[in-house]
Amino acid sequence: MSTIEKIQEELDVLVEETSKHEIILYNDDVNTFDFVIDSLVSVCDHTLEQAEQCTILVHYKGKCAVKTGEYRDLEPRCSKLLELGLSAEIV
């Protein structure tokens, strides 16, 4: 194995480890579809279509991963979703 291949392999592992967290949004009986959609657009930078699809998945499946990335980026977004009254966690 060459040095270049070894470095590339280590870099691939590092990139994979740093972006494996997700915000999971859970279904509730309180918030409206429109409110959840608006929240995802403003907090998670979703397009309207992405937010609508995630909201439908949350409604029918009970949960949906709405944002993936590094923990330090996801933590304030998850906190904002919680402040808005949505049920979410980082996994």
# chains A, B, ... in the order shown; residues from 1 in each chain; ligands from 1
call {"tool": "residues_around", "arguments": {"residues": "Ile37 of chain A", "least_positions_apart": "6", "cutoff": "8 Å", "atoms": "only C-alpha atoms", "output": "list in words"}}
result
Leu48, Ala51, Glu52 and Thr55 of chain A
call {"tool": "residues_around", "arguments": {"residues": "Pro76 of chain A", "least_positions_apart": "6", "cutoff": "12 Å", "atoms": "only C-alpha atoms", "output": "list in words"}}
result
Ile23, Val43, Cys44, Lys67, Glu70, Leu82, Glu83, Ala88, Glu89 and Ile90 of chain A
call {"tool": "write_last_selection", "arguments": {"atoms": "N, CA and C atoms", "output": "PDB file, in the first residue's frame"}}
result
ATOM      1  N   ILE A  23     -30.166  15.115  13.274  1.00  0.00           N
ATOM      2  CA  ILE A  23     -31.294  15.583  14.086  1.00  0.00           C
ATOM      3  C   ILE A  23     -32.489  14.736  13.682  1.00  0.00           C
ATOM      4  N   VAL A  43     -35.080  26.819  10.411  1.00  0.00           N
ATOM      5  CA  VAL A  43     -34.045  26.312  11.310  1.00  0.00           C
ATOM      6  C   VAL A  43     -33.044  25.401  10.593  1.00  0.00           C
ATOM      7  N   CYS A  44     -33.539  24.548   9.726  1.00  0.00           N
ATOM      8  CA  CYS A  44     -32.672  23.542   9.081  1.00  0.00           C
ATOM      9  C   CYS A  44     -32.296  23.903   7.653  1.00  0.00           C
ATOM     10  N   LYS A  67     -31.769  16.620   9.501  1.00  0.00           N
ATOM     11  CA  LYS A  67     -30.502  17.305   9.217  1.00  0.00           C
ATOM     12  C   LYS A  67     -29.361  16.394   9.633  1.00  0.00           C
ATOM     13  N   GLU A  70     -22.111  17.749  11.430  1.00  0.00           N
ATOM     14  CA  GLU A  70     -21.276  17.758  12.622  1.00  0.00           C
ATOM     15  C   GLU A  70     -22.107  18.196  13.821  1.00  0.00           C
ATOM     16  N   LEU A  82     -36.411  22.610  19.574  1.00  0.00           N
ATOM     17  CA  LEU A  82     -36.999  22.344  20.892  1.00  0.00           C
ATOM     18  C   LEU A  82     -37.662  23.591  21.459  1.00  0.00           C
ATOM     19  N   GLU A  83     -37.011  24.749  21.297  1.00  0.00           N
ATOM     20  CA  GLU A  83     -37.591  26.022  21.765  1.00  0.00           C
ATOM     21  C   GLU A  83     -38.922  26.311  21.066  1.00  0.00           C
ATOM     22  N   ALA A  88     -37.354  16.788  19.197  1.00  0.00           N
ATOM     23  CA  ALA A  88     -36.200  16.448  18.386  1.00  0.00           C
ATOM     24  C   ALA A  88     -35.039  16.057  19.274  1.00  0.00           C
ATOM     25  N   GLU A  89     -34.107  15.299  18.696  1.00  0.00           N
ATOM     26  CA  GLU A  89     -32.874  14.956  19.391  1.00  0.00           C
ATOM     27  C   GLU A  89     -31.767  14.730  18.374  1.00  0.00           C
ATOM     28  N   ILE A  90     -30.530  14.812  18.846  1.00  0.00           N
ATOM     29  CA  ILE A  90     -29.370  14.521  18.012  1.00  0.00           C
ATOM     30  C   ILE A  90     -28.913  13.109  18.319  1.00  0.00           C
TER      31      ILE A  90
END
call {"tool": "atom_distance", "arguments": {"atom1": "atom CA of Ser87 of chain A", "atom2": "atom CA of Lys20 of chain A"}}
result
20.1 Å
call {"tool": "select_by_dssp", "arguments": {"residues": "chain A", "states": "strand (DSSP E or B)", "output": "list of chain:residue names"}}
result
A:His21, A:Glu22, A:Ile23, A:Ile24, A:Leu25, A:Tyr26, A:Lys63, A:Cys64, A:Ala65, A:Val66, A:Lys67, A:Thr68, A:Gly69, A:Ser87, A:Ala88, A:Glu89, A:Ile90
call {"tool": "closest_residue", "arguments": {"among": "A:Ile24, A:Leu57, A:Cys64, A:Leu40", "to": "Leu84 of chain A", "atoms": "only C-alpha atoms"}}
result
A:Leu40
call {"tool": "atom_distance", "arguments": {"atom1": "atom CA of Ile7 of chain A", "atom2": "atom CA of Thr68 of chain A"}}
result
25.2 Å
call {"tool": "select_by_dssp", "arguments": {"residues": "chain A", "states": "alpha helix (DSSP H)", "output": "number ranges by chain"}}
result
A: 3-18, 33-44, 48-61, 71-83
call {"tool": "closest_residue", "arguments": {"among": "A:Phe33, A:Glu22, A:Ser79, A:Val66", "to": "Thr47 of chain A", "atoms": "only C-alpha atoms"}}
result
A:Val66
call {"tool": "atom_distance", "arguments": {"atom1": "atom CA of His59 of chain A", "atom2": "atom CA of Tyr26 of chain A"}}
result
8.3 Å
call {"tool": "decode", "arguments": {"residues": "segment 4-90 of chain A", "atoms": "C-alpha atoms", "output": "mmCIF file, in the first residue's frame"}}
result
data_model
loop_
_atom_site.group_PDB
_atom_site.id
_atom_site.type_symbol
_atom_site.label_atom_id
_atom_site.label_comp_id
_atom_site.auth_asym_id
_atom_site.auth_seq_id
_atom_site.Cartn_x
_atom_site.Cartn_y
_atom_site.Cartn_z
ATOM 1 C CA ILE A 4 -0.910 8.248 -0.747
ATOM 2 C CA GLU A 5 -3.447 5.420 -0.481
ATOM 3 C CA LYS A 6 -2.911 5.189 3.302
ATOM 4 C CA ILE A 7 -3.425 8.950 3.763
ATOM 5 C CA GLN A 8 -6.547 8.887 1.567
ATOM 6 C CA GLU A 9 -7.939 5.972 3.566
ATOM 7 C CA GLU A 10 -7.348 7.803 6.854
ATOM 8 C CA LEU A 11 -8.945 10.960 5.435
ATOM 9 C CA ASP A 12 -12.016 9.014 4.277
ATOM 10 C CA VAL A 13 -12.466 7.575 7.782
ATOM 11 C CA LEU A 14 -12.050 11.017 9.386
ATOM 12 C CA VAL A 15 -14.636 12.622 7.087
ATOM 13 C CA GLU A 16 -17.086 9.791 7.776
ATOM 14 C CA GLU A 17 -16.693 10.142 11.557
ATOM 15 C CA THR A 18 -17.180 13.923 11.654
ATOM 16 C CA SER A 19 -20.514 14.019 9.809
ATOM 17 C CA LYS A 20 -22.441 11.081 11.198
ATOM 18 C CA HIS A 21 -24.796 12.906 13.572
ATOM 19 C CA GLU A 22 -28.439 13.540 12.704
ATOM 20 C CA ILE A 23 -31.294 15.583 14.086
ATOM 21 C CA ILE A 24 -34.281 13.287 14.444
ATOM 22 C CA LEU A 25 -37.671 15.007 14.486
ATOM 23 C CA TYR A 26 -40.521 13.134 16.183
ATOM 24 C CA ASN A 27 -44.256 13.249 15.586
ATOM 25 C CA ASP A 28 -46.543 14.985 18.046
ATOM 26 C CA ASP A 29 -50.242 15.791 18.264
ATOM 27 C CA VAL A 30 -49.702 19.487 18.962
ATOM 28 C CA ASN A 31 -48.002 21.228 16.043
ATOM 29 C CA THR A 32 -49.613 21.786 12.652
ATOM 30 C CA PHE A 33 -48.119 20.708 9.349
ATOM 31 C CA ASP A 34 -47.610 24.340 8.349
ATOM 32 C CA PHE A 35 -45.809 25.173 11.600
ATOM 33 C CA VAL A 36 -43.449 22.196 11.271
ATOM 34 C CA ILE A 37 -42.757 23.014 7.616
ATOM 35 C CA ASP A 38 -42.004 26.653 8.425
ATOM 36 C CA SER A 39 -39.758 25.577 11.303
ATOM 37 C CA LEU A 40 -37.739 23.216 9.121
ATOM 38 C CA VAL A 41 -37.313 25.875 6.453
ATOM 39 C CA SER A 42 -36.074 28.482 8.921
ATOM 40 C CA VAL A 43 -34.045 26.312 11.310
ATOM 41 C CA CYS A 44 -32.672 23.542 9.081
ATOM 42 C CA ASP A 45 -32.397 25.538 5.831
ATOM 43 C CA HIS A 46 -34.739 23.142 4.031
ATOM 44 C CA THR A 47 -36.399 23.988 0.775
ATOM 45 C CA LEU A 48 -40.186 24.043 0.966
ATOM 46 C CA GLU A 49 -40.326 20.668 -0.778
ATOM 47 C CA GLN A 50 -37.780 19.084 1.614
ATOM 48 C CA ALA A 51 -39.675 20.395 4.627
ATOM 49 C CA GLU A 52 -42.992 19.090 3.302
ATOM 50 C CA GLN A 53 -41.517 15.628 2.634
ATOM 51 C CA CYS A 54 -39.930 15.438 6.103
ATOM 52 C CA THR A 55 -43.181 16.552 7.728
ATOM 53 C CA ILE A 56 -45.135 13.844 5.921
ATOM 54 C CA LEU A 57 -42.550 11.213 6.940
ATOM 55 C CA VAL A 58 -42.723 12.366 10.561
ATOM 56 C CA HIS A 59 -46.509 12.168 10.472
ATOM 57 C CA TYR A 60 -46.718 8.663 8.999
ATOM 58 C CA LYS A 61 -43.510 7.041 10.280
ATOM 59 C CA GLY A 62 -43.298 8.775 13.662
ATOM 60 C CA LYS A 63 -39.860 10.264 13.052
ATOM 61 C CA CYS A 64 -37.483 11.488 10.371
ATOM 62 C CA ALA A 65 -33.832 12.539 10.143
ATOM 63 C CA VAL A 66 -34.154 16.196 9.174
ATOM 64 C CA LYS A 67 -30.502 17.305 9.217
ATOM 65 C CA THR A 68 -27.151 15.510 9.079
ATOM 66 C CA GLY A 69 -23.758 16.929 9.917
ATOM 67 C CA GLU A 70 -21.276 17.758 12.622
ATOM 68 C CA TYR A 71 -22.533 17.931 16.185
ATOM 69 C CA ARG A 72 -21.432 21.544 16.662
ATOM 70 C CA ASP A 73 -23.611 22.608 13.716
ATOM 71 C CA LEU A 74 -26.593 20.493 14.720
ATOM 72 C CA GLU A 75 -26.723 21.396 18.434
ATOM 73 C CA PRO A 76 -27.988 24.993 18.032
ATOM 74 C CA ARG A 77 -30.445 23.899 15.344
ATOM 75 C CA CYS A 78 -31.844 21.140 17.548
ATOM 76 C CA SER A 79 -32.091 23.573 20.476
ATOM 77 C CA LYS A 80 -34.071 25.985 18.310
ATOM 78 C CA LEU A 81 -36.468 23.223 17.220
ATOM 79 C CA LEU A 82 -36.999 22.344 20.892
ATOM 80 C CA GLU A 83 -37.591 26.022 21.765
ATOM 81 C CA LEU A 84 -40.272 26.094 19.067
ATOM 82 C CA GLY A 85 -42.046 23.220 20.809
ATOM 83 C CA LEU A 86 -41.033 20.424 18.442
ATOM 84 C CA SER A 87 -39.732 17.045 19.630
ATOM 85 C CA ALA A 88 -36.200 16.448 18.386
ATOM 86 C CA GLU A 89 -32.874 14.956 19.391
ATOM 87 C CA ILE A 90 -29.370 14.521 18.012
#
